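Raw contents of target.cif, mmCIF, C-alpha atoms:
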data_start
#
loop_
_atom_site.label_atom_id
_atom_site.label_comp_id
_atom_site.auth_asym_id
_atom_site.auth_seq_id
_atom_site.Cartn_x
_atom_site.Cartn_y
_atom_site.Cartn_z
CA MET D 1 212.00 56.08 81.57
CA ALA D 2 209.99 59.05 82.83
CA ALA D 3 211.52 61.04 85.65
CA GLU D 4 209.90 60.62 89.05
CA GLY D 5 207.83 63.51 90.31
CA PRO D 6 208.65 65.52 93.41
CA LYS D 7 208.33 63.69 96.70
CA THR D 8 207.86 66.74 98.90
CA ALA D 9 206.33 70.18 98.68
CA TRP D 10 209.82 71.68 98.82
CA GLU D 11 210.80 69.76 95.70
CA ALA D 12 207.61 70.91 93.97
CA LEU D 13 208.49 74.61 94.27
CA GLY D 14 209.36 74.96 90.59
CA TRP D 15 208.00 76.87 87.64
CA ARG D 16 205.39 74.16 86.96
CA LEU D 17 204.04 74.23 90.51
CA LEU D 18 200.62 75.67 89.62
CA LEU D 19 200.05 73.05 86.92
CA GLY D 20 200.23 70.13 89.35
CA ARG D 21 198.40 68.90 92.39
CA TRP D 22 200.72 70.34 95.02
CA PRO D 23 198.82 73.61 95.58
CA TRP D 24 195.66 71.63 96.32
CA ARG D 25 197.53 69.26 98.61
CA ALA D 26 199.00 72.28 100.38
CA VAL D 27 195.54 73.78 100.82
CA ALA D 28 194.29 70.48 102.26
CA PHE D 29 197.28 70.26 104.59
CA LEU D 30 196.95 73.85 105.82
CA GLY D 31 193.18 73.65 106.20
CA SER D 32 193.31 70.46 108.24
CA GLY D 33 196.31 71.89 110.10
CA ALA D 34 194.18 74.76 111.34
CA VAL D 35 191.72 72.25 112.79
CA VAL D 36 194.53 70.25 114.41
CA ALA D 37 195.96 73.44 115.89
CA VAL D 38 192.62 74.11 117.57
CA LEU D 39 192.56 70.54 118.88
CA ALA D 40 195.99 71.15 120.39
CA ALA D 41 195.34 74.67 121.65
CA VAL D 42 192.15 74.00 123.61
CA PRO D 43 193.43 71.29 126.02
CA LEU D 44 196.84 72.97 126.37
CA ALA D 45 195.14 76.28 127.17
CA VAL D 46 193.05 74.56 129.82
CA LEU D 47 196.17 73.02 131.36
CA ALA D 48 197.97 76.38 131.27
CA SER D 49 194.96 78.35 132.58
CA PRO D 50 196.59 78.86 136.02
CA TRP D 51 199.14 81.07 134.27
CA ALA D 52 196.38 83.42 133.11
CA LEU D 53 194.95 83.51 136.62
CA ALA D 54 198.35 84.52 137.99
CA ALA D 55 198.16 87.98 136.42
CA GLY D 56 197.55 90.65 139.07
CA ARG D 57 197.80 88.23 141.98
CA PRO D 58 200.12 88.63 144.96
CA PRO D 59 203.60 87.20 144.30
CA THR D 60 203.05 84.14 146.49
CA VAL D 61 199.74 83.24 144.86
CA ALA D 62 201.03 84.04 141.38
CA GLY D 63 204.07 81.83 141.92
CA ALA D 64 201.90 78.95 143.11
CA LEU D 65 199.63 79.31 140.08
CA VAL D 66 202.60 79.36 137.70
CA VAL D 67 203.98 76.19 139.29
CA CYS D 68 200.56 74.51 139.09
CA GLY D 69 200.28 75.37 135.41
CA GLY D 70 203.77 74.07 134.70
CA VAL D 71 203.12 70.82 136.56
CA ALA D 72 199.80 70.32 134.77
CA LEU D 73 201.44 70.82 131.38
CA ALA D 74 204.35 68.52 132.22
CA VAL D 75 202.08 65.76 133.55
CA PHE D 76 199.16 65.87 131.12
CA GLY D 77 200.65 67.69 128.13
CA PRO D 78 202.33 64.55 126.70
CA LEU D 79 199.01 62.71 126.88
CA VAL D 80 197.58 65.39 124.60
CA ALA D 81 200.62 65.37 122.32
CA LEU D 82 200.87 61.60 121.75
CA PRO D 83 197.64 61.07 119.75
CA LEU D 84 198.09 64.47 118.11
CA ALA D 85 201.55 63.48 116.87
CA GLU D 86 200.23 60.22 115.42
CA LEU D 87 197.60 62.20 113.53
CA GLU D 88 200.24 64.63 112.27
CA ARG D 89 202.45 61.80 111.00
CA ARG D 90 199.52 60.60 108.91
CA ARG D 91 198.68 64.12 107.70
CA LEU D 92 202.29 64.68 106.69
CA ARG D 93 201.72 62.46 103.65
CA LEU D 94 199.82 65.34 102.04
CA VAL D 95 203.03 67.34 101.58
CA ASP D 96 205.70 64.67 101.94
CA ALA D 97 205.34 61.35 100.15
CA ARG D 98 208.39 59.81 101.83
CA PRO D 99 207.81 57.14 104.49
CA VAL D 100 207.69 58.43 108.04
CA ARG D 101 209.45 56.37 110.70
CA PRO D 102 207.47 55.98 113.94
CA GLY D 103 208.53 58.50 116.52
CA HIS D 104 208.61 56.01 119.37
CA ALA D 105 211.30 53.43 118.88
CA VAL D 106 210.93 51.56 122.19
CA PRO D 107 207.85 49.32 122.45
CA PRO D 108 206.25 49.75 125.89
CA ALA D 109 205.72 46.86 128.24
CA ALA D 110 202.26 45.64 129.18
CA GLY D 111 200.30 47.61 131.72
CA VAL D 112 199.36 51.26 132.10
CA ALA D 113 202.15 52.07 134.57
CA ALA D 114 204.81 50.47 132.36
CA TRP D 115 203.43 52.27 129.31
CA LEU D 116 203.56 55.63 131.08
CA ARG D 117 207.11 55.03 132.34
CA THR D 118 208.30 54.12 128.87
CA ARG D 119 206.63 57.01 127.09
CA TYR D 120 207.53 59.70 129.61
CA ALA D 121 211.16 58.57 129.56
CA GLU D 122 211.47 58.92 125.78
CA ALA D 123 212.85 62.05 124.17
CA ALA D 124 210.37 61.51 121.31
CA THR D 125 207.46 62.16 123.68
CA TRP D 126 208.83 65.54 124.69
CA ARG D 127 209.58 66.46 121.07
CA GLU D 128 205.94 65.72 120.29
CA PHE D 129 204.87 67.84 123.25
CA GLY D 130 207.02 70.70 121.95
CA TYR D 131 205.46 70.28 118.50
CA ALA D 132 201.96 70.48 120.00
CA CYS D 133 202.91 73.70 121.79
CA LEU D 134 204.28 75.16 118.56
CA LEU D 135 201.03 74.29 116.79
CA ALA D 136 199.00 76.01 119.46
CA VAL D 137 201.19 79.12 119.52
CA LEU D 138 202.43 79.65 115.95
CA VAL D 139 199.70 78.31 113.68
CA PRO D 140 197.03 80.94 114.50
CA PRO D 141 199.18 84.03 113.72
CA VAL D 142 201.14 82.53 110.81
CA TYR D 143 198.19 80.83 109.16
CA GLY D 144 196.10 83.92 109.85
CA ALA D 145 198.58 86.22 108.08
CA VAL D 146 198.83 83.94 105.05
CA GLY D 147 195.06 83.52 105.02
CA LEU D 148 194.60 87.29 104.94
CA ALA D 149 197.00 87.55 102.00
CA VAL D 150 195.09 84.89 100.06
CA LEU D 151 191.78 86.53 100.99
CA LEU D 152 193.09 89.85 99.66
CA VAL D 153 193.92 88.22 96.31
CA VAL D 154 190.44 86.71 96.15
CA MET D 155 188.81 90.08 96.93
CA LEU D 156 190.86 91.84 94.26
CA LEU D 157 189.85 89.24 91.69
CA ALA D 158 186.20 89.43 92.71
CA GLY D 159 186.16 93.26 92.77
CA PRO D 160 184.40 93.76 89.38
CA LEU D 161 181.73 91.19 90.27
CA LEU D 162 181.18 92.72 93.69
CA VAL D 163 180.82 96.22 92.25
CA ALA D 164 178.50 95.05 89.47
CA GLY D 165 176.17 93.47 91.98
CA ALA D 166 176.22 96.34 94.47
CA GLU D 167 174.41 99.67 94.49
CA GLY D 168 177.33 101.65 95.90
CA PRO D 169 181.09 101.66 96.52
CA VAL D 170 182.64 98.35 97.63
CA ALA D 171 185.74 97.85 99.79
CA ILE D 172 188.09 95.27 98.26
CA GLY D 173 190.78 95.24 100.95
CA VAL D 174 193.27 97.86 99.79
CA ALA D 175 190.81 100.31 98.24
CA THR D 176 187.18 101.24 97.77
CA VAL D 177 185.83 101.13 94.22
CA GLY D 178 182.52 102.32 92.88
CA THR D 179 182.56 101.12 89.27
CA VAL D 180 183.71 98.12 87.29
CA ARG D 181 186.25 100.33 85.47
CA GLU D 182 187.80 101.28 88.81
CA ALA D 183 187.89 97.65 89.96
CA LEU D 184 189.56 96.25 86.81
CA PRO D 185 193.15 97.36 87.68
CA TYR D 186 192.79 95.77 91.09
CA ALA D 187 191.44 92.60 89.48
CA LEU D 188 194.51 92.45 87.22
CA ALA D 189 196.70 92.90 90.30
CA GLY D 190 194.79 90.06 91.97
CA LEU D 191 195.29 87.91 88.87
CA ALA D 192 199.03 88.53 89.10
CA GLY D 193 198.88 87.65 92.79
CA VAL D 194 197.37 84.19 92.15
CA PRO D 195 200.69 82.45 91.42
CA ILE D 196 202.26 84.31 94.32
CA ALA D 197 199.51 83.06 96.61
CA GLY D 198 199.96 79.52 95.26
CA TYR D 199 203.69 79.57 95.93
CA LEU D 200 203.09 81.12 99.34
CA LEU D 201 200.65 78.37 100.34
CA VAL D 202 202.92 75.58 99.14
CA ALA D 203 205.95 77.15 100.82
CA LEU D 204 204.10 77.45 104.12
CA ALA D 205 202.87 73.86 103.88
CA ALA D 206 206.40 72.71 103.02
CA ALA D 207 207.88 74.55 106.01
CA HIS D 208 205.22 73.10 108.32
CA GLY D 209 205.84 69.62 106.93
CA ALA D 210 209.60 69.93 107.37
CA LEU D 211 209.14 71.00 110.99
CA ALA D 212 206.73 68.12 111.60
CA ARG D 213 209.14 65.58 110.12
CA ARG D 214 212.01 67.00 112.13
CA LEU D 215 210.17 66.73 115.46
CA LEU D 216 207.90 63.74 114.94
CA GLU D 217 209.96 61.28 112.93
CA GLY D 218 212.00 58.69 114.76
CA ARG D 219 215.76 59.07 114.44
CA PRO D 220 217.74 56.23 112.78
CA GLU D 221 219.89 55.84 115.86
CA GLN D 222 216.75 55.44 117.97
CA ARG D 223 215.55 52.71 115.65
CA LEU D 224 218.91 50.97 115.89
CA ARG D 225 218.89 51.30 119.67
CA ALA D 226 215.40 49.83 119.83
CA GLU D 227 216.42 46.94 117.60
CA LEU D 228 219.41 46.27 119.84
CA VAL D 229 217.16 46.30 122.90
CA GLU D 230 214.79 43.86 121.24
CA VAL D 231 217.69 41.65 120.17
CA SER D 232 218.95 41.63 123.76
CA ARG D 233 215.52 40.71 125.06
CA SER D 234 215.03 37.96 122.49
CA ARG D 235 218.54 36.66 123.18
CA ALA D 236 217.75 36.47 126.89
CA ARG D 237 214.52 34.62 126.12
CA LEU D 238 216.39 32.16 123.91
CA VAL D 239 219.01 31.58 126.60
CA ASP D 240 216.30 30.90 129.19
CA ALA D 241 214.46 28.57 126.82
CA PHE D 242 217.67 26.72 125.96
CA GLU D 243 218.53 26.36 129.65
CA ALA D 244 215.08 25.03 130.48
CA GLU D 245 215.19 22.55 127.60
CA ARG D 246 218.65 21.36 128.59
CA ARG D 247 217.51 20.74 132.15
CA ARG D 248 214.47 18.86 130.87
CA ILE D 249 216.70 16.60 128.77
CA GLU D 250 219.02 16.05 131.75
CA ARG D 251 216.06 15.17 133.97
CA ASP D 252 214.59 12.79 131.40
CA LEU D 253 217.92 11.03 130.91
CA HIS D 254 218.59 10.82 134.63
CA ASP D 255 215.14 9.66 135.68
CA GLY D 256 214.31 7.64 132.59
CA ALA D 257 217.07 6.19 130.41
CA GLN D 258 219.65 5.97 133.19
CA GLN D 259 217.30 4.14 135.54
CA ARG D 260 216.28 1.68 132.84
CA LEU D 261 219.91 1.08 131.90
CA LEU D 262 220.74 0.54 135.57
CA GLY D 263 217.97 -2.05 135.80
CA LEU D 264 219.29 -3.78 132.68
CA THR D 265 222.81 -3.87 134.16
CA LEU D 266 221.53 -5.45 137.38
CA GLN D 267 219.55 -8.06 135.47
CA LEU D 268 222.59 -8.97 133.37
CA GLY D 269 224.68 -9.26 136.53
CA MET D 270 222.12 -11.57 138.15
CA ALA D 271 221.87 -13.63 134.95
CA LEU D 272 225.63 -13.97 134.91
CA LEU D 273 225.54 -15.45 138.42
CA ASP D 274 223.09 -18.14 137.27
CA LEU D 275 225.26 -19.30 134.36
CA PRO D 276 228.09 -21.84 134.66
CA PRO D 277 231.44 -19.99 134.83
CA GLY D 278 233.45 -20.24 131.61
CA SER D 279 230.49 -21.32 129.49
CA PRO D 280 229.89 -19.59 126.11
CA ALA D 281 226.62 -18.16 127.46
CA ALA D 282 228.41 -16.77 130.50
CA GLU D 283 231.00 -15.12 128.30
CA ARG D 284 228.35 -13.49 126.12
CA VAL D 285 226.31 -12.30 129.09
CA GLY D 286 229.49 -11.09 130.80
CA GLU D 287 230.43 -9.09 127.70
CA ALA D 288 226.94 -7.58 127.58
CA HIS D 289 227.19 -6.76 131.29
CA ARG D 290 230.53 -5.05 130.76
CA GLN D 291 229.18 -3.03 127.82
CA ALA D 292 226.12 -2.05 129.85
CA ARG D 293 228.33 -0.77 132.67
CA GLU D 294 230.47 1.12 130.16
CA LEU D 295 227.36 2.58 128.61
CA MET D 296 226.15 3.55 132.09
CA ARG D 297 229.41 5.37 132.72
CA GLU D 298 229.21 7.18 129.37
CA LEU D 299 225.58 8.12 129.95
CA ARG D 300 226.50 9.46 133.37
CA GLU D 301 229.18 11.61 131.73
CA VAL D 302 226.67 12.80 129.13
CA ILE D 303 224.20 13.78 131.82
CA ARG D 304 226.92 15.54 133.78
CA GLY D 305 227.98 17.32 130.59
CA ILE D 306 224.44 18.48 129.87
CA HIS D 307 223.93 20.00 133.30
CA PRO D 308 225.67 18.62 136.37
CA ARG D 309 223.36 18.03 139.30
CA VAL D 310 225.84 19.55 141.73
CA LEU D 311 225.65 22.83 139.81
CA THR D 312 221.92 22.99 140.41
CA ASP D 313 222.03 21.79 144.00
CA ARG D 314 225.16 23.44 145.43
CA GLY D 315 226.18 26.16 142.99
CA LEU D 316 229.12 27.14 140.82
CA VAL D 317 231.95 26.79 143.35
CA ALA D 318 231.03 23.23 144.33
CA ALA D 319 230.54 22.26 140.68
CA LEU D 320 233.97 23.61 139.73
CA GLU D 321 235.60 21.74 142.61
CA GLU D 322 233.96 18.51 141.44
CA LEU D 323 235.04 19.27 137.89
CA ALA D 324 238.62 19.76 139.08
CA ASP D 325 238.55 16.37 140.81
CA ARG D 326 237.48 14.67 137.57
CA ALA D 327 239.83 16.59 135.27
CA ALA D 328 242.57 14.83 133.32
CA LEU D 329 245.23 17.08 134.89
CA PRO D 330 245.78 18.58 138.35
CA VAL D 331 243.55 21.64 138.80
CA THR D 332 243.61 24.19 141.61
CA VAL D 333 240.41 26.12 142.20
CA HIS D 334 240.37 29.55 143.84
CA ALA D 335 236.72 30.51 144.12
CA GLU D 336 234.72 32.26 146.78
CA LEU D 337 231.39 33.89 145.98
CA PRO D 338 229.11 35.70 148.47
CA GLY D 339 226.06 34.37 146.66
CA ARG D 340 224.89 32.53 143.56
CA PRO D 341 224.78 33.99 140.05
CA PRO D 342 221.65 33.56 137.92
CA PRO D 343 221.30 30.01 136.49
CA PRO D 344 222.23 30.97 132.87
CA VAL D 345 225.39 32.72 134.11
CA GLU D 346 226.30 29.79 136.38
CA SER D 347 225.85 27.34 133.55
CA THR D 348 227.90 29.45 131.12
CA ALA D 349 230.75 29.89 133.59
CA TYR D 350 230.81 26.17 134.35
CA PHE D 351 230.96 25.07 130.73
CA VAL D 352 233.64 27.64 129.89
CA VAL D 353 235.83 26.14 132.61
CA SER D 354 234.99 22.60 131.49
CA GLU D 355 235.86 23.31 127.86
CA ALA D 356 239.01 25.24 128.78
CA LEU D 357 240.29 22.37 130.94
CA THR D 358 239.50 19.87 128.21
CA ASN D 359 241.42 21.97 125.67
CA ALA D 360 244.35 22.34 128.08
CA ALA D 361 244.69 18.58 128.50
CA ARG D 362 243.81 17.51 124.96
CA HIS D 363 245.37 20.21 122.77
CA GLY D 364 247.76 22.21 124.95
CA GLY D 365 249.67 19.41 126.63
CA ALA D 366 249.30 21.14 129.99
CA THR D 367 250.42 19.47 133.21
CA GLN D 368 248.43 21.66 135.58
CA ALA D 369 245.81 24.40 135.55
CA THR D 370 244.35 27.02 137.85
CA VAL D 371 240.73 28.21 137.97
CA THR D 372 239.99 31.56 139.60
CA VAL D 373 236.46 32.84 140.15
CA ALA D 374 235.63 36.22 141.69
CA TRP D 375 232.73 38.66 141.83
CA ARG D 376 233.00 42.39 142.39
CA ASP D 377 230.73 45.37 141.68
CA GLY D 378 228.29 43.33 139.62
CA LEU D 379 230.91 41.58 137.48
CA LEU D 380 231.66 37.86 137.69
CA THR D 381 235.11 36.97 136.36
CA VAL D 382 236.19 33.41 135.59
CA GLU D 383 239.79 32.75 134.62
CA VAL D 384 241.39 29.45 133.57
CA ALA D 385 245.19 29.39 133.25
CA ASP D 386 247.32 26.41 132.23
CA ASP D 387 251.01 25.77 131.61
CA GLY D 388 250.51 24.21 128.19
CA ALA D 389 252.24 24.92 124.91
CA GLY D 390 249.94 27.83 124.05
CA GLY D 391 249.14 28.86 120.51
CA ALA D 392 245.39 28.29 120.95
CA ASP D 393 243.58 29.27 117.73
CA PRO D 394 239.80 29.84 117.75
CA ASP D 395 239.67 28.70 114.11
CA ALA D 396 241.43 25.41 114.79
CA GLY D 397 238.36 23.57 116.02
CA THR D 398 239.04 23.82 119.77
CA GLY D 399 235.55 25.13 120.53
CA LEU D 400 236.75 28.60 121.54
CA THR D 401 234.48 30.32 119.02
CA GLY D 402 231.48 28.45 120.36
CA LEU D 403 232.46 29.39 123.90
CA ALA D 404 232.71 33.05 122.93
CA ASP D 405 229.27 32.88 121.31
CA ARG D 406 227.84 31.23 124.40
CA VAL D 407 229.33 33.91 126.64
CA ALA D 408 228.00 36.66 124.36
CA ALA D 409 224.53 35.13 124.55
CA VAL D 410 224.32 36.07 128.25
CA GLY D 411 225.80 39.53 127.68
CA GLY D 412 229.40 38.73 128.62
CA ARG D 413 232.72 38.68 126.85
CA MET D 414 235.60 36.23 126.62
CA LEU D 415 239.29 37.16 126.45
CA LEU D 416 242.03 34.78 125.31
CA SER D 417 245.78 35.00 125.77
CA SER D 418 247.71 32.07 124.31
CA PRO D 419 251.13 32.97 122.92
CA ALA D 420 253.25 30.25 121.36
CA GLY D 421 255.02 28.40 124.17
CA GLY D 422 252.32 29.25 126.68
CA PRO D 423 250.83 29.87 129.06
CA THR D 424 247.18 29.98 127.96
CA VAL D 425 244.71 32.13 129.89
CA VAL D 426 240.98 32.16 129.18
CA ARG D 427 239.11 34.95 130.98
CA VAL D 428 235.36 35.44 130.96
CA GLU D 429 233.53 38.49 132.30
CA LEU D 430 229.80 38.21 133.02
CA ALA D 431 227.71 41.05 134.38
CA CYS D 432 225.28 39.75 137.02
CA GLU D 433 223.96 40.17 140.51
CA LEU D 434 224.29 37.45 143.12
CA SER D 435 221.43 36.01 145.11
CA GLY D 436 221.76 35.04 148.72
#
Written as structure tokens, that's how I'd like the structure from this file.
Amino acid sequence: MAAEGPKTAWEALGWRLLLGRWPWRAVAFLGSGAVVAVLAAVPLAVLASPWALAAGRPPTVAGALVVCGGVALAVFGPLVALPLAELERRRLRLVDARPVRPGHAVPPAAGVAAWLRTRYAEAATWREFGYACLLAVLVPPVYGAVGLAVLLVVMLLAGPLLVAGAEGPVAIGVATVGTVREALPYALAGLAGVPIAGYLLVALAAAHGALARRLLEGRPEQRLRAELVEVSRSRARLVDAFEAERRRIERDLHDGAQQRLLGLTLQLGMALLDLPPGSPAAERVGEAHRQARELMRELREVIRGIHPRVLTDRGLVAALEELADRAALPVTVHAELPGRPPPPVESTAYFVVSEALTNAARHGGATQATVTVAWRDGLLTVEVADDGAGGADPDAGTGLTGLADRVAAVGGRMLLSSPAGGPTVVRVELACELSG
């Protein structure tokens, strides 16, 4: 298998440099870079023009002009640097074949104001502004010096031709020659300078490319941070969508299936009254009536389990008190909130308590439990403690893993303490603000 060629101009700086395409790519990069430097220098010079006007002015006026120039650069300079940086990331491919990560990791929200807030708050924007300033300040002298060196090599090489076509002495940069014989040594020196000029051009292009990649490429940690932000946003959207769908199902069951089942139960009850007591038909209708009532009770429990109406109407504290009244063991509730948490947080807290109480009665053999709810400094804490046998294992099918995942979905965390012999304490911490 043939070895891969160099990916960057730095890697191409070997003895076979002049036989490849890298010198021409370097020339293209440096030539277009000079144009880009002008595109950067002109608007930045206009923004910084108050600094030039400050020379020779009284101290008060000069200070005001300096401040005006600084403010203009800080406000409008990034707007110049942003499109310039995108162009430079594309131009970088001339001297660096490696992929370039976007400099801006955080996607801006819709709207001009939101876009400006996002971009001006990013470190990447100010790195791009610094890069634009470096282009405007360093490219003219550095490129100019290298250009003069290359021009000198060209003039030395062309010395014999220039002399042959002229009627008198010709200046070829470092000397003045009058004959072809006098120009030949300088031409040989120019020929020896060709590889030096090639290496010099590639080295300059490589240095410029390395600086551009350093300042314009997005950092891996920025990409990871952006992905985490997007994951958090998508998780919040999924939680909201799941909550809305759950409420829709609860509403459809309550207003549709439950009402129809209630009507069926009433009809069976009325039919039972019309049948002779003790008859086979009465027994069958009575059994159907009993099953319908049982099904009504189960459906009511299902609806309450999906999303209890009291949670929507009266809030978390009232829902927990109702849950304690229906629990299979005595439950004491200590809860006092100055407001209501957001609906997803309320729902998560409620179902954590519901599942914890179910586990305490079903798996822990508890005889009593205590539910404590408090909010302080933007943190809602929900704690369920029981006097059961302890030894709760998230891997034993008690639903603790699902509870932890549900808590994590709204940005919270769940802590479990359940030593063998008890007691078991489930604590949930949810960051939220309360509404009035």
**Prompt:** Nearest to Gly421 (chain D): which of D:Leu216, D:Ala9, D:Ala41, D:Ala392 is it, counting all atoms listed in the file?
**Reply:** D:Ala392
**Message:** For this structure, which residues satisfy the selection - the PyMOL selection byres ((chain D and resi 79-89) around 6) - when it is evaluated on the file as given? I want them as a count of residues only.
**Reply:** 9
**Request:** Might you pull out every residue within 7 Å of region 168-175 of chain D, with all atoms listed in the file counted and same-chain residues fewer than 4 positions away left off, and present them as a list in words?
**Result:**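 Within the cut-off, the hits are Leu152, Met155, Leu156, Gly159 and Val163 of chain D.
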**Asked** So which residues are close to (207.3, 79.7, 134.7), meaning at most 9 Å away in the file's coordinates with all atoms listed in the file counted, and can you show them as a VMD selection string?
**Response** chain D and resid 51 63 66 to 67 69 to 70
**Message:** To one decimal place in Å, what is the distance between CA of Pro23 (chain D) and CA of Pro195 (chain D)?
**Reply:**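 Answer for the CA of Pro23 (chain D) to CA of Pro195 (chain D) separation: 9.9 Å.
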**Prompt:** Neighbours of region 360-367 of chain D within 10 Å (all atoms listed in the file; same-chain residues fewer than 3 positions away dropped), as a list in words?
**Reply:**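 Once the adjacent positions are removed, what remains is Ala327, Ala328, Leu329, Pro330, Val331, Ser354, Glu355, Ala356, Leu357, Val384, Ala385, Asp386, Asp387, Gly388, Ala389, Gly390, Gly391, Ala392, Thr398, Ser418, Gly421, Gly422, Pro423, Thr424 and Val425 of chain D.
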**Prompt:** CA of Cys133 (chain D) and CA of Pro58 (chain D), how far apart in Å?
**Reply:**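 According to the coordinates, CA of Pro58 (chain D) and CA of Cys133 (chain D) are separated by 27.7 Å.
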**Request:** Find, counting only C-alpha atoms, the residue in D:Val27, D:Leu400, D:Val95, D:Ala408 that gets nearest to Val426 (chain D).
**Result:**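 Closest candidate: D:Leu400.
Minimum distance to Gly411 (chain D) across D:Pro277, D:Pro99, D:Gly286, D:Pro344 (counting only C-alpha atoms) occurs at D:Pro344.
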**Message:** Could you tell me how far CA of Val146 (chain D) sits from CA of Gly165 (chain D), in Å to one decimal place?
**Reply:**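 Computing the Euclidean distance for CA of Gly165 (chain D) and CA of Val146 (chain D) yields 27.8 Å.
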